[in-house]
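This is upload28.cif (mmCIF, C-alpha atoms and all ligand atoms).
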data_input
#
loop_
_atom_site.label_atom_id
_atom_site.label_comp_id
_atom_site.auth_asym_id
_atom_site.auth_seq_id
_atom_site.Cartn_x
_atom_site.Cartn_y
_atom_site.Cartn_z
CA MET A 1 22.75 9.46 -44.03
CA LYS A 2 21.69 9.42 -40.38
CA ILE A 3 22.01 5.98 -38.81
CA ASP A 4 21.09 5.13 -35.21
CA LEU A 5 21.88 1.56 -34.15
CA HIS A 6 20.74 1.33 -30.52
CA THR A 7 17.15 1.99 -29.38
CA HIS A 8 14.54 0.49 -27.04
CA SER A 9 10.77 0.03 -27.22
CA VAL A 10 8.10 -1.03 -24.70
CA VAL A 11 9.06 -4.59 -25.55
CA SER A 12 11.85 -3.97 -23.02
CA ASP A 13 12.34 -0.75 -21.04
CA GLY A 14 11.61 1.94 -23.64
CA THR A 15 8.34 3.87 -23.68
CA ASP A 16 7.43 3.85 -27.42
CA SER A 17 5.70 0.92 -29.08
CA PRO A 18 7.88 -0.59 -31.85
CA GLU A 19 5.58 1.11 -34.41
CA ASP A 20 5.84 4.51 -32.72
CA LEU A 21 9.60 4.16 -32.40
CA ILE A 22 9.87 3.80 -36.19
CA ARG A 23 7.56 6.76 -36.81
CA THR A 24 9.56 8.86 -34.33
CA ALA A 25 12.76 7.82 -36.13
CA VAL A 26 11.32 9.15 -39.41
CA ARG A 27 10.41 12.45 -37.75
CA ALA A 28 13.93 12.65 -36.29
CA GLY A 29 15.27 12.50 -39.85
CA LEU A 30 16.92 9.09 -39.54
CA ASP A 31 17.61 7.01 -42.65
CA VAL A 32 18.31 3.79 -40.76
CA VAL A 33 17.33 2.69 -37.26
CA ALA A 34 18.01 -0.50 -35.32
CA LEU A 35 15.74 -1.78 -32.55
CA THR A 36 17.82 -3.35 -29.78
CA ASP A 37 15.56 -4.29 -26.90
CA HIS A 38 17.11 -5.95 -23.85
CA ASP A 39 17.35 -9.75 -24.17
CA THR A 40 14.42 -10.12 -26.57
CA GLY A 41 13.58 -9.70 -30.22
CA ASP A 42 9.82 -9.70 -29.72
CA GLY A 43 9.39 -6.20 -31.18
CA LEU A 44 11.45 -6.77 -34.32
CA ASP A 45 8.73 -8.00 -36.68
CA ARG A 46 6.41 -5.14 -35.81
CA ALA A 47 9.20 -2.58 -36.18
CA ALA A 48 10.37 -4.08 -39.50
CA ARG A 49 6.84 -4.04 -40.89
CA THR A 50 6.32 -0.40 -39.95
CA ALA A 51 9.74 0.52 -41.35
CA ASP A 52 8.72 -1.06 -44.67
CA GLU A 53 5.47 0.89 -44.68
CA VAL A 54 7.04 4.27 -43.96
CA GLY A 55 10.19 3.70 -46.04
CA ILE A 56 13.02 3.87 -43.51
CA GLY A 57 15.95 1.45 -43.30
CA PHE A 58 15.73 -1.03 -40.45
CA LEU A 59 18.28 -3.28 -38.78
CA ALA A 60 17.14 -6.05 -36.43
CA GLY A 61 19.08 -6.06 -33.17
CA MET A 62 19.06 -6.95 -29.50
CA GLU A 63 21.03 -5.81 -26.45
CA MET A 64 22.16 -8.81 -24.47
CA SER A 65 22.83 -8.77 -20.73
CA THR A 66 26.26 -10.25 -20.07
CA ALA A 67 28.71 -10.20 -17.19
CA HIS A 68 32.45 -9.88 -16.96
CA GLU A 69 34.32 -10.09 -13.66
CA GLY A 70 31.18 -9.41 -11.69
CA HIS A 71 30.18 -6.37 -13.72
CA SER A 72 27.18 -6.07 -16.00
CA VAL A 73 28.24 -5.55 -19.63
CA HIS A 74 25.79 -4.96 -22.50
CA LEU A 75 26.41 -6.54 -25.88
CA LEU A 76 24.57 -5.37 -29.01
CA ALA A 77 23.82 -8.17 -31.46
CA TYR A 78 22.77 -7.34 -35.02
CA GLY A 79 21.09 -9.71 -37.43
CA ALA A 80 21.42 -12.76 -35.17
CA ASP A 81 18.99 -15.64 -35.58
CA LEU A 82 17.24 -15.30 -32.22
CA ASP A 83 15.63 -18.70 -32.76
CA HIS A 84 19.02 -20.39 -32.87
CA PRO A 85 18.59 -22.97 -30.08
CA ASP A 86 21.79 -22.07 -28.18
CA LEU A 87 21.12 -18.35 -28.20
CA ALA A 88 17.37 -18.70 -27.63
CA GLY A 89 17.94 -20.99 -24.65
CA GLU A 90 20.39 -18.57 -23.10
CA LEU A 91 18.00 -15.62 -23.59
CA VAL A 92 15.30 -17.57 -21.74
CA ARG A 93 17.70 -18.03 -18.80
CA VAL A 94 18.52 -14.31 -18.78
CA ARG A 95 14.84 -13.27 -18.89
CA GLU A 96 14.00 -15.73 -16.10
CA GLY A 97 16.76 -14.10 -14.06
CA ARG A 98 15.11 -10.73 -14.69
CA SER A 99 11.69 -11.91 -13.49
CA GLY A 100 13.14 -13.88 -10.57
CA ARG A 101 14.88 -10.81 -9.22
CA LEU A 102 11.66 -8.86 -8.86
CA ARG A 103 10.51 -10.22 -5.49
CA PRO A 104 13.80 -9.75 -3.62
CA VAL A 105 14.05 -6.19 -4.96
CA LEU A 106 10.50 -5.42 -3.80
CA ALA A 107 11.33 -6.86 -0.35
CA LYS A 108 14.31 -4.50 -0.10
CA LEU A 109 12.24 -1.53 -1.24
CA ALA A 110 9.62 -2.29 1.41
CA GLU A 111 12.35 -2.37 4.08
CA LEU A 112 13.62 0.95 2.77
CA GLY A 113 10.20 2.54 3.19
CA ALA A 114 9.29 2.59 -0.51
CA PRO A 115 6.84 -0.30 -0.85
CA VAL A 116 5.39 -1.22 -4.25
CA SER A 117 3.46 -4.39 -5.01
CA GLU A 118 4.20 -6.93 -7.70
CA ALA A 119 0.95 -5.92 -9.39
CA GLU A 120 2.05 -2.29 -9.46
CA VAL A 121 5.26 -3.31 -11.21
CA GLN A 122 3.43 -5.63 -13.62
CA ALA A 123 1.24 -2.68 -14.61
CA GLN A 124 4.43 -0.95 -15.78
CA VAL A 125 5.89 -4.06 -17.39
CA GLY A 126 2.77 -4.40 -19.56
CA GLY A 127 3.41 -7.13 -22.09
CA SER A 128 7.21 -6.89 -21.98
CA PRO A 129 8.91 -10.27 -21.70
CA SER A 130 12.00 -8.52 -20.33
CA VAL A 131 11.34 -7.14 -16.84
CA GLY A 132 13.84 -4.41 -16.04
CA ARG A 133 14.73 -2.07 -13.22
CA PRO A 134 13.21 0.82 -15.20
CA HIS A 135 9.80 -0.86 -14.79
CA ILE A 136 10.34 -1.00 -11.03
CA ALA A 137 11.44 2.64 -11.22
CA ASP A 138 8.20 3.52 -13.03
CA ALA A 139 6.19 1.77 -10.30
CA LEU A 140 8.08 3.82 -7.68
CA VAL A 141 7.18 6.98 -9.63
CA ALA A 142 3.52 5.95 -9.92
CA ALA A 143 3.41 5.25 -6.16
CA GLY A 144 4.81 8.72 -5.47
CA HIS A 145 8.05 7.53 -3.85
CA VAL A 146 10.31 9.24 -6.42
CA ALA A 147 9.92 11.90 -9.11
CA ASP A 148 11.42 10.01 -12.06
CA ARG A 149 13.46 6.99 -13.17
CA ARG A 150 16.70 8.79 -12.48
CA GLU A 151 15.82 9.42 -8.84
CA ALA A 152 14.71 5.79 -8.49
CA PHE A 153 18.13 4.62 -9.71
CA ASP A 154 20.07 7.19 -7.70
CA ARG A 155 18.30 6.39 -4.43
CA PHE A 156 17.52 2.67 -4.77
CA LEU A 157 18.16 0.70 -7.93
CA ALA A 158 21.60 1.54 -9.33
CA ASP A 159 24.27 -1.19 -9.29
CA GLY A 160 25.38 -1.47 -5.68
CA GLY A 161 22.42 0.66 -4.54
CA PRO A 162 20.38 -0.29 -1.44
CA ALA A 163 17.68 -2.12 -3.41
CA HIS A 164 19.93 -3.64 -6.04
CA VAL A 165 19.84 -7.40 -6.46
CA PRO A 166 22.17 -8.98 -9.01
CA ARG A 167 20.66 -11.27 -11.63
CA TYR A 168 21.89 -13.97 -13.97
CA ALA A 169 23.73 -12.82 -17.07
CA THR A 170 25.68 -14.73 -19.73
CA GLY A 171 29.45 -14.57 -19.58
CA LEU A 172 30.66 -11.86 -21.97
CA PHE A 173 32.94 -14.12 -24.02
CA GLU A 174 30.29 -16.83 -24.17
CA ALA A 175 27.77 -14.23 -25.41
CA VAL A 176 30.09 -13.07 -28.21
CA GLU A 177 30.45 -16.69 -29.31
CA LEU A 178 26.70 -17.37 -29.08
CA VAL A 179 25.91 -14.32 -31.22
CA ALA A 180 28.49 -15.38 -33.81
CA ARG A 181 27.10 -18.92 -33.86
CA ALA A 182 23.64 -17.43 -34.54
CA GLY A 183 25.04 -15.50 -37.51
CA GLY A 184 24.95 -12.15 -35.72
CA VAL A 185 27.40 -9.28 -35.50
CA SER A 186 28.27 -8.13 -31.99
CA VAL A 187 29.22 -4.66 -30.81
CA LEU A 188 30.01 -3.77 -27.19
CA ALA A 189 27.39 -1.28 -25.97
CA HIS A 190 28.67 1.81 -24.08
CA PRO A 191 31.89 -0.04 -23.11
CA TRP A 192 33.08 2.79 -20.88
CA GLY A 193 29.78 3.85 -19.38
CA ARG A 194 29.03 3.72 -15.66
CA HIS A 195 30.88 0.82 -13.97
CA THR A 196 32.24 -1.05 -16.94
CA ARG A 197 35.39 0.98 -17.51
CA GLN A 198 37.21 -0.85 -14.72
CA VAL A 199 36.75 -4.26 -16.32
CA LEU A 200 37.00 -3.45 -20.04
CA ASP A 201 40.52 -2.46 -21.00
CA LEU A 202 42.69 -2.80 -24.08
CA GLU A 203 43.62 -6.35 -23.19
CA VAL A 204 39.97 -7.45 -22.83
CA PHE A 205 38.97 -5.63 -26.05
CA SER A 206 41.80 -7.40 -27.82
CA ARG A 207 40.74 -10.85 -26.58
CA LEU A 208 37.11 -10.07 -27.45
CA ALA A 209 38.13 -9.10 -30.98
CA GLU A 210 39.84 -12.49 -31.30
CA ALA A 211 36.67 -14.17 -29.99
CA GLY A 212 34.67 -12.52 -32.78
CA LEU A 213 33.57 -9.12 -31.45
CA ALA A 214 33.00 -6.81 -34.42
CA GLY A 215 32.81 -3.36 -32.90
CA LEU A 216 32.74 -0.86 -30.06
CA GLU A 217 29.97 1.66 -29.48
CA VAL A 218 32.21 4.72 -29.28
CA ASP A 219 29.71 7.58 -29.52
CA HIS A 220 27.28 7.15 -26.63
CA GLN A 221 25.90 9.65 -24.15
CA ASP A 222 27.62 7.86 -21.25
CA HIS A 223 31.04 8.60 -22.80
CA PRO A 224 32.64 12.00 -22.36
CA ILE A 225 34.56 13.34 -25.34
CA GLU A 226 38.03 12.24 -24.10
CA LEU A 227 36.86 8.66 -23.65
CA ARG A 228 35.30 8.66 -27.12
CA ARG A 229 38.62 9.76 -28.56
CA GLU A 230 40.51 7.02 -26.75
CA LEU A 231 37.94 4.34 -27.66
CA ARG A 232 38.10 5.39 -31.30
CA ARG A 233 41.89 4.97 -31.21
CA ILE A 234 41.52 1.53 -29.66
CA ALA A 235 38.93 0.53 -32.25
CA ARG A 236 41.24 1.57 -35.06
CA ARG A 237 44.17 -0.29 -33.51
CA LEU A 238 42.21 -3.52 -33.01
CA ASP A 239 40.34 -3.29 -36.30
CA LEU A 240 36.99 -3.00 -34.50
CA LEU A 241 34.12 -1.04 -36.05
CA PRO A 242 33.33 2.21 -34.19
CA THR A 243 29.58 2.83 -33.91
CA GLY A 244 27.52 5.69 -32.53
CA SER A 245 23.95 5.54 -31.23
CA SER A 246 21.39 7.24 -29.06
CA ASP A 247 20.33 4.35 -26.77
CA TYR A 248 16.88 5.96 -27.05
CA HIS A 249 14.37 4.86 -24.38
CA GLY A 250 11.50 7.23 -25.30
CA THR A 251 10.65 9.36 -22.29
CA GLY A 252 12.44 6.83 -20.06
CA LYS A 253 15.86 8.39 -20.40
CA ARG A 254 16.79 12.06 -20.72
CA ASP A 255 19.39 13.29 -23.20
CA HIS A 256 19.11 10.21 -25.38
CA ASP A 257 17.07 11.60 -28.29
CA LEU A 258 17.02 9.57 -31.48
CA GLY A 259 19.98 10.48 -33.66
CA CYS A 260 21.90 12.31 -30.90
CA ASN A 261 24.81 10.05 -31.91
CA THR A 262 25.03 8.32 -35.27
CA THR A 263 26.99 5.61 -37.07
CA ASP A 264 29.07 6.22 -40.17
CA PRO A 265 27.36 4.74 -43.28
CA GLN A 266 30.49 2.75 -44.16
CA VAL A 267 30.57 1.18 -40.71
CA TYR A 268 26.87 0.37 -41.03
CA ARG A 269 27.39 -1.28 -44.42
CA GLU A 270 30.24 -3.34 -42.98
CA ILE A 271 28.02 -4.56 -40.12
CA VAL A 272 25.29 -5.57 -42.57
CA ALA A 273 27.84 -7.28 -44.81
CA ARG A 274 29.10 -9.42 -41.92
CA ILE A 275 25.67 -10.74 -40.94
CA GLY A 276 25.63 -14.33 -41.99
P1 LIG B 301 18.20 -3.96 -15.88
O1 LIG B 301 17.96 -4.16 -17.35
O2 LIG B 301 17.10 -4.39 -15.03
O3 LIG B 301 19.55 -4.46 -15.44
O4 LIG B 301 18.28 -2.37 -15.69
C1 LIG B 301 19.24 -1.64 -16.43
C2 LIG B 301 18.57 -0.61 -17.32
O5 LIG B 301 18.18 0.47 -16.50
C3 LIG B 301 19.48 -0.02 -18.37
O6 LIG B 301 19.33 -0.69 -19.57
C4 LIG B 301 18.97 1.39 -18.51
O7 LIG B 301 17.93 1.42 -19.45
C5 LIG B 301 18.36 1.70 -17.18
N1 LIG B 301 19.20 2.54 -16.31
C6 LIG B 301 20.36 2.23 -15.74
N2 LIG B 301 20.80 3.24 -14.95
C7 LIG B 301 19.87 4.21 -15.06
C8 LIG B 301 19.72 5.50 -14.48
N3 LIG B 301 20.66 5.99 -13.65
N4 LIG B 301 18.63 6.21 -14.81
C9 LIG B 301 17.70 5.71 -15.63
N5 LIG B 301 17.77 4.50 -16.19
C10 LIG B 301 18.84 3.76 -15.91
FE FE B 302 17.54 0.01 -20.95
FE FE B 303 22.78 -0.72 -22.26
ZN ZN B 304 20.41 0.17 -24.44
#
Go ahead and render the structure in this file as structure tokens.
Amino acid sequence: MKIDLHTHSVVSDGTDSPEDLIRTAVRAGLDVVALTDHDTGDGLDRAARTADEVGIGFLAGMEMSTAHEGHSVHLLAYGADLDHPDLAGELVRVREGRSGRLRPVLAKLAELGAPVSEAEVQAQVGGSPSVGRPHIADALVAAGHVADRREAFDRFLADGGPAHVPRYATGLFEAVELVARAGGVSVLAHPWGRHTRQVLDLEVFSRLAEAGLAGLEVDHQDHPIELRRELRRIARRLDLLPTGSSDYHGTGKRDHDLGCNTTDPQVYREIVARIG
């Protein structure tokens, strides 16, 4: 059983349509795939329908933008009722923060000698309700300022980079509670990737577990092998479910092919069993 519980489509910052994502998952030999677009579930119905048609297991998910001690932390939510008024209202605030950040970022880019217009970014956003830095990166690529998304992040857009502008995100603990209230199961995405290691330690994991967090994404491309080992130990100690996923973004992210990391079938069954 090959199970991949963290992927993105064009509904946020991936490059495959939800339908294509499912077909690609079949070709990659997956038995179960979750779609977890950033701060929206708008692709879930289309993905679920295609999964039914082609006969692959599907889990509805979402990756929520949260913040802890000034750092951006991503929270995967599985099976949550995204129409639950508390959660839905909060997701609207987060998506408005995403759109509202666009202009100040473009002003900074212009000052830095890499001008792109709002229309050029919107062309990359397409119909996505969740405007992300990768869309701005794609506009920079299209305008010839950088070669690819990675260079756009390295030179301009990364956290703390010269064109970075912070945006609104839900408090991490509040997000865990909101997901639980909406009947969902929450798993911390890439807890020790990039900048989050400094703010997510054993003590925070332990308090999150008490607040209702169900798991830690242990196997992720942003985690070197030693960190995976330590995270797995922590998960065992705190009775958190260890997951593994690709964080596939289509052609938007290198080295994140579908199924490059997978989740144990027993862990998957436990996640599904806890959805309420
Ligand atoms: P945002 O959602 O606007 O905060 O942008 C964060 C997203 O950008 C993440 O979900 C990743 O998909 C992507 N990202 C972050 N860092 C990089 C990077 N160095 N190269 C390419 N994509 C990145
Ligand atoms: Fe992303
Ligand atoms: Fe993420
Ligand atoms: Zn992701």
Chain A near ligand FE 303 (chain B) within 7 Å: what's each residue's closest atom pair and its distance in Å to one decimal, counting only C-alpha atoms and all ligand atoms, ordered by chain then ascending residue number, as a tab-separated table?
residue	atom	partner	partner_atom	distance
A:Glu63	CA	B:FE303	FE	6.8
A:His74	CA	B:FE303	FE	5.2
A:Ala189	CA	B:FE303	FE	5.9
A:His190	CA	B:FE303	FE	6.7
Range 240-253 of chain A: axis-aligned bounding box, 6 Å on each side, centre and edge lengths in Å, one decimal, as JSON:
{"center_x": 23.8, "center_y": 3.2, "center_z": -28.1, "size_x": 38.3, "size_y": 24.4, "size_z": 28.0}
For CA of Gly184 in chain A and CA of His68 in chain A, quote the distance in Å rounded to one decimal.
->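 Interatomic distance here is 20.3 Å.
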Mind listing the residues within 12 Å of ligand ZN 304 (chain B), only C-alpha atoms and all ligand atoms counted, as a count of residues only?
-> 46
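Counting only C-alpha atoms and all ligand atoms, the residue from A:Val176, A:Val26, A:Val94, A:Leu200 that sits nearest to ligand LIG 301 (chain B) is A:Val94.
Counting all atoms listed in the file, the residue from A:Ser99, A:Ser130, A:Thr243, A:Gln122 that sits nearest to ligand FE 302 (chain B) is A:Ser130.
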Enter the distance from CA of Asp138 in chain A to CA of Gly97 in chain A, in Å, rounded to one decimal.
->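 That distance, rounded to one decimal, is 19.6 Å.
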Any chance you could model all heavy atoms for range 81-92 of chain A and send them as a PDB file, in the frame of the given file?
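And here is the file that came out, out.pdb:
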ATOM      1  N   ASP A  81      20.192 -14.807 -35.555  1.00  0.00           N
ATOM      2  CA  ASP A  81      18.990 -15.640 -35.580  1.00  0.00           C
ATOM      3  C   ASP A  81      18.610 -15.920 -34.122  1.00  0.00           C
ATOM      4  O   ASP A  81      19.212 -16.761 -33.467  1.00  0.00           O
ATOM      5  CB  ASP A  81      19.295 -16.948 -36.321  1.00  0.00           C
ATOM      6  CG  ASP A  81      18.152 -17.946 -36.188  1.00  0.00           C
ATOM      7  OD1 ASP A  81      17.044 -17.535 -35.747  1.00  0.00           O
ATOM      8  OD2 ASP A  81      18.372 -19.130 -36.522  1.00  0.00           O
ATOM      9  N   LEU A  82      17.604 -15.198 -33.639  1.00  0.00           N
ATOM     10  CA  LEU A  82      17.240 -15.300 -32.220  1.00  0.00           C
ATOM     11  C   LEU A  82      16.521 -16.603 -31.918  1.00  0.00           C
ATOM     12  O   LEU A  82      16.258 -16.909 -30.765  1.00  0.00           O
ATOM     13  CB  LEU A  82      16.405 -14.088 -31.792  1.00  0.00           C
ATOM     14  CG  LEU A  82      17.105 -12.728 -31.970  1.00  0.00           C
ATOM     15  CD1 LEU A  82      16.231 -11.603 -31.446  1.00  0.00           C
ATOM     16  CD2 LEU A  82      18.462 -12.700 -31.286  1.00  0.00           C
ATOM     17  N   ASP A  83      16.207 -17.380 -32.965  1.00  0.00           N
ATOM     18  CA  ASP A  83      15.630 -18.700 -32.760  1.00  0.00           C
ATOM     19  C   ASP A  83      16.699 -19.789 -32.743  1.00  0.00           C
ATOM     20  O   ASP A  83      16.387 -20.967 -32.556  1.00  0.00           O
ATOM     21  CB  ASP A  83      14.609 -19.031 -33.866  1.00  0.00           C
ATOM     22  CG  ASP A  83      13.392 -18.119 -33.777  1.00  0.00           C
ATOM     23  OD1 ASP A  83      13.002 -17.775 -32.652  1.00  0.00           O
ATOM     24  OD2 ASP A  83      12.858 -17.736 -34.852  1.00  0.00           O
ATOM     25  N   HIS A  84      17.945 -19.400 -32.967  1.00  0.00           N
ATOM     26  CA  HIS A  84      19.020 -20.390 -32.870  1.00  0.00           C
ATOM     27  C   HIS A  84      18.947 -21.010 -31.480  1.00  0.00           C
ATOM     28  O   HIS A  84      18.950 -20.289 -30.476  1.00  0.00           O
ATOM     29  CB  HIS A  84      20.375 -19.736 -33.091  1.00  0.00           C
ATOM     30  CG  HIS A  84      21.505 -20.712 -33.138  1.00  0.00           C
ATOM     31  ND1 HIS A  84      21.984 -21.348 -32.014  1.00  0.00           N
ATOM     32  CD2 HIS A  84      22.235 -21.189 -34.180  1.00  0.00           C
ATOM     33  CE1 HIS A  84      22.970 -22.168 -32.366  1.00  0.00           C
ATOM     34  NE2 HIS A  84      23.135 -22.083 -33.667  1.00  0.00           N
ATOM     35  N   PRO A  85      18.878 -22.355 -31.387  1.00  0.00           N
ATOM     36  CA  PRO A  85      18.590 -22.970 -30.080  1.00  0.00           C
ATOM     37  C   PRO A  85      19.550 -22.545 -28.957  1.00  0.00           C
ATOM     38  O   PRO A  85      19.104 -22.326 -27.831  1.00  0.00           O
ATOM     39  CB  PRO A  85      18.683 -24.474 -30.349  1.00  0.00           C
ATOM     40  CG  PRO A  85      18.933 -24.640 -31.808  1.00  0.00           C
ATOM     41  CD  PRO A  85      18.923 -23.320 -32.474  1.00  0.00           C
ATOM     42  N   ASP A  86      20.830 -22.426 -29.247  1.00  0.00           N
ATOM     43  CA  ASP A  86      21.790 -22.070 -28.180  1.00  0.00           C
ATOM     44  C   ASP A  86      21.528 -20.669 -27.665  1.00  0.00           C
ATOM     45  O   ASP A  86      21.494 -20.417 -26.454  1.00  0.00           O
ATOM     46  CB  ASP A  86      23.228 -22.160 -28.706  1.00  0.00           C
ATOM     47  CG  ASP A  86      23.571 -23.570 -29.158  1.00  0.00           C
ATOM     48  OD1 ASP A  86      22.786 -24.486 -28.850  1.00  0.00           O
ATOM     49  OD2 ASP A  86      24.608 -23.745 -29.828  1.00  0.00           O
ATOM     50  N   LEU A  87      21.353 -19.736 -28.592  1.00  0.00           N
ATOM     51  CA  LEU A  87      21.120 -18.350 -28.200  1.00  0.00           C
ATOM     52  C   LEU A  87      19.747 -18.196 -27.553  1.00  0.00           C
ATOM     53  O   LEU A  87      19.601 -17.558 -26.506  1.00  0.00           O
ATOM     54  CB  LEU A  87      21.248 -17.427 -29.427  1.00  0.00           C
ATOM     55  CG  LEU A  87      21.057 -15.932 -29.184  1.00  0.00           C
ATOM     56  CD1 LEU A  87      22.030 -15.407 -28.126  1.00  0.00           C
ATOM     57  CD2 LEU A  87      21.237 -15.144 -30.488  1.00  0.00           C
ATOM     58  N   ALA A  88      18.729 -18.810 -28.163  1.00  0.00           N
ATOM     59  CA  ALA A  88      17.370 -18.700 -27.630  1.00  0.00           C
ATOM     60  C   ALA A  88      17.297 -19.244 -26.207  1.00  0.00           C
ATOM     61  O   ALA A  88      16.685 -18.638 -25.317  1.00  0.00           O
ATOM     62  CB  ALA A  88      16.385 -19.434 -28.537  1.00  0.00           C
ATOM     63  N   GLY A  89      17.947 -20.384 -25.976  1.00  0.00           N
ATOM     64  CA  GLY A  89      17.940 -20.990 -24.650  1.00  0.00           C
ATOM     65  C   GLY A  89      18.590 -20.079 -23.619  1.00  0.00           C
ATOM     66  O   GLY A  89      18.106 -19.934 -22.487  1.00  0.00           O
ATOM     67  N   GLU A  90      19.682 -19.460 -24.017  1.00  0.00           N
ATOM     68  CA  GLU A  90      20.390 -18.570 -23.100  1.00  0.00           C
ATOM     69  C   GLU A  90      19.541 -17.320 -22.798  1.00  0.00           C
ATOM     70  O   GLU A  90      19.490 -16.852 -21.661  1.00  0.00           O
ATOM     71  CB  GLU A  90      21.740 -18.176 -23.724  1.00  0.00           C
ATOM     72  CG  GLU A  90      22.672 -17.446 -22.808  1.00  0.00           C
ATOM     73  CD  GLU A  90      22.982 -18.169 -21.487  1.00  0.00           C
ATOM     74  OE1 GLU A  90      22.825 -19.397 -21.403  1.00  0.00           O
ATOM     75  OE2 GLU A  90      23.371 -17.467 -20.531  1.00  0.00           O
ATOM     76  N   LEU A  91      18.849 -16.807 -23.811  1.00  0.00           N
ATOM     77  CA  LEU A  91      18.000 -15.620 -23.590  1.00  0.00           C
ATOM     78  C   LEU A  91      16.856 -15.938 -22.621  1.00  0.00           C
ATOM     79  O   LEU A  91      16.460 -15.089 -21.832  1.00  0.00           O
ATOM     80  CB  LEU A  91      17.451 -15.099 -24.930  1.00  0.00           C
ATOM     81  CG  LEU A  91      18.495 -14.442 -25.839  1.00  0.00           C
ATOM     82  CD1 LEU A  91      17.890 -14.085 -27.189  1.00  0.00           C
ATOM     83  CD2 LEU A  91      19.104 -13.204 -25.184  1.00  0.00           C
ATOM     84  N   VAL A  92      16.344 -17.166 -22.696  1.00  0.00           N
ATOM     85  CA  VAL A  92      15.300 -17.570 -21.740  1.00  0.00           C
ATOM     86  C   VAL A  92      15.863 -17.513 -20.317  1.00  0.00           C
ATOM     87  O   VAL A  92      15.239 -16.975 -19.403  1.00  0.00           O
ATOM     88  CB  VAL A  92      14.767 -18.993 -22.064  1.00  0.00           C
ATOM     89  CG1 VAL A  92      13.902 -19.513 -20.923  1.00  0.00           C
ATOM     90  CG2 VAL A  92      13.967 -18.978 -23.358  1.00  0.00           C
TER      91      VAL A  92
END
